[in-house]
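So the structure is just underneath, and the comments pick up after that.
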Amino acid sequence: MFTKITIKTDERGLLFHRGSYAKMLAPGTYRFAPWSQYTVTAMQVTKPFAVEGKELALFLHDERLTQHLDVVRVADHEVALHYVDGQFSKLLKPGVYAFWNVLQRHSFVKADIRNPEIPPEVDRALLPQLVPHVQSYEIESFEAGFLFYNHVLQRQLLPGKYDFWRGPTAVLAKTVDLRQQQMDLLGQEMMTEDKVALRLNFVCQYKVANPIHALDMKSFDEQLHIQLQLALREYVGSLKLDDLLRRKQEVASFVLSRLREKSGEFGVSFLGAGVKDIILPGDMKEILNTVLLAEKKAQANLIMRREETASTRSLLNTAKLMDENATLFRLKELEFLEKICDKIGSISLTGGGDLLERLNMVIGDRK
């Protein structure tokens, strides 16, 4: 009794004799005697060529078989993009792969991951499918980017998106913000020359002009913060409290001049600065309020005395003029009489005599 084996159109057969590969069988029907010790493994040509428990190298010496296979070798420093009939299938890691070329057309795009940047021939639309093998960095329009391979600076990156293979080379992109920025010092405790402790709220605007300098510094923002603190302490510590309050507007100019001396070192352009608040301790605030109140009262008293003196001097001059000029004195009497009449609704006079004579008697004789 012979054993009959049929190989279908979408299959190829692998003939083994006593467990060793003999040859490939094309589609058709084959009969084997039971004592021949032949076995056949049917392979689907739409699936990758792989025989369980057997190395691929055992089959590649068969030239007839290899004519039906597309074999790709991916080195340790490479990856390969596998396309089936022009459509992306999967990414191949280092190793040797074989695919049947009977019903499908296979193509491969290799990439050397020792150069991490993904080459232009790789379609960027595939990257979402390659997430485990790819890392990406985006540089915004207001940023400067710097590319590092294994912690060594390679080049500056312009705004845009950059994609890299994950491989033996460690890739890192650092960014520096080029927009105008603001640094705030809030509640900084300082002491004046006369040992008065106070707190300052200060603000400074700056812009990074040379980003590579900013990148070379560890804790760049913290170092800027310290420079601003030192400049403020230098100025405040050189003045007494009264002088500081009187020259408050000069603080910004002094601090800016000190910071601009460091512009080249930090790669920063300092644009402006200013004091937002000077906060005094409670007891010092009460003392200053008392002094201010006393000063204002003294100013008010001085003004009142000055006005009283001027008024008295004016009255004296008027009296001298009226004493020397009877007509002027009479006009003054009539002026006061007019004011009296404005305040009185009616005047009743008794007795005889002319009206003007009666009024003169009311006013009184000049003497």
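By order in the structure tokens, chains are A, B, ...; within a chain, residues start at 1; ligands start at 1, following the order shown.
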Exercise. Which residues come within 8 Å of segment 242-257 of chain A, counting only C-alpha atoms, excluding same-chain residues fewer than 6 positions away, as a list in words?
Worked result: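 Everything that qualifies: Leu228, Ala231, Leu232, Tyr235, Val236, Phe270, Gly272, Ala273, Gly274 and Val275 of chain A.
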For this session: Identify, on the basis of only C-alpha atoms, every residue whose closest approach to Arg199 of chain A does not exceed 6 Å; exclude the query and any residue fewer than 3 positions from it along the same chain; express the result as a list in words.
Result: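 Final neighbour list, sorted by chain and number: Gly187, Gln188, Glu189, Ile278 and Ile279 of chain A.
Among the candidate residues A:Ile118, A:Leu198, A:Leu91, A:Ala214, the one lying nearest to Ser263 of chain A is A:Ala214, with distances computed using only C-alpha atoms.
Computed from the coordinates, the atom CA of Leu328 of chain A to atom CA of Glu308 of chain A distance equals 24.3 Å.
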I'd like the neighbourhood of segment 139-156 of chain A as an mmCIF file with C-alpha atoms, in the first residue's frame, where a residue qualifies if any of its atoms comes within 9 Å (using only C-alpha atoms), though same-chain residues fewer than 2 positions away should be ignored.
```
data_model
loop_
_atom_site.group_PDB
_atom_site.id
_atom_site.type_symbol
_atom_site.label_atom_id
_atom_site.label_comp_id
_atom_site.auth_asym_id
_atom_site.auth_seq_id
_atom_site.Cartn_x
_atom_site.Cartn_y
_atom_site.Cartn_z
ATOM 1 C CA PRO A 116 20.055 56.890 14.111
ATOM 2 C CA TYR A 137 11.430 64.994 18.822
ATOM 3 C CA LEU A 158 15.768 74.034 13.147
ATOM 4 C CA PRO A 159 12.048 73.997 14.032
ATOM 5 C CA GLY A 160 10.383 70.816 12.819
ATOM 6 C CA LYS A 161 9.916 67.124 13.643
ATOM 7 C CA TYR A 162 12.819 64.665 13.705
ATOM 8 C CA THR A 169 23.331 55.078 19.719
ATOM 9 C CA ALA A 170 21.641 57.058 22.490
ATOM 10 C CA VAL A 171 19.789 59.988 20.930
ATOM 11 C CA LEU A 172 18.725 63.117 22.807
ATOM 12 C CA ALA A 173 17.375 66.463 21.587
ATOM 13 C CA LYS A 174 17.515 69.409 23.990
ATOM 14 C CA THR A 175 15.602 72.633 23.446
ATOM 15 C CA VAL A 176 16.058 76.236 24.554
ATOM 16 C CA ASP A 177 13.126 78.671 24.647
ATOM 17 C CA LEU A 178 13.942 81.819 22.623
ATOM 18 C CA ARG A 179 10.879 83.828 23.663
ATOM 19 C CA PRO A 211 21.234 79.264 23.167
ATOM 20 C CA ILE A 212 24.390 77.131 23.149
ATOM 21 C CA LEU A 215 22.654 74.837 27.193
#
```
Problem set entry | All residues 10 Å or closer to Gln229 of chain A, only C-alpha atoms, same chain fewer than 2 positions away omitted, as a PyMOL selection string | chain A and resi 185+188+190+202+223-227+231-234+255
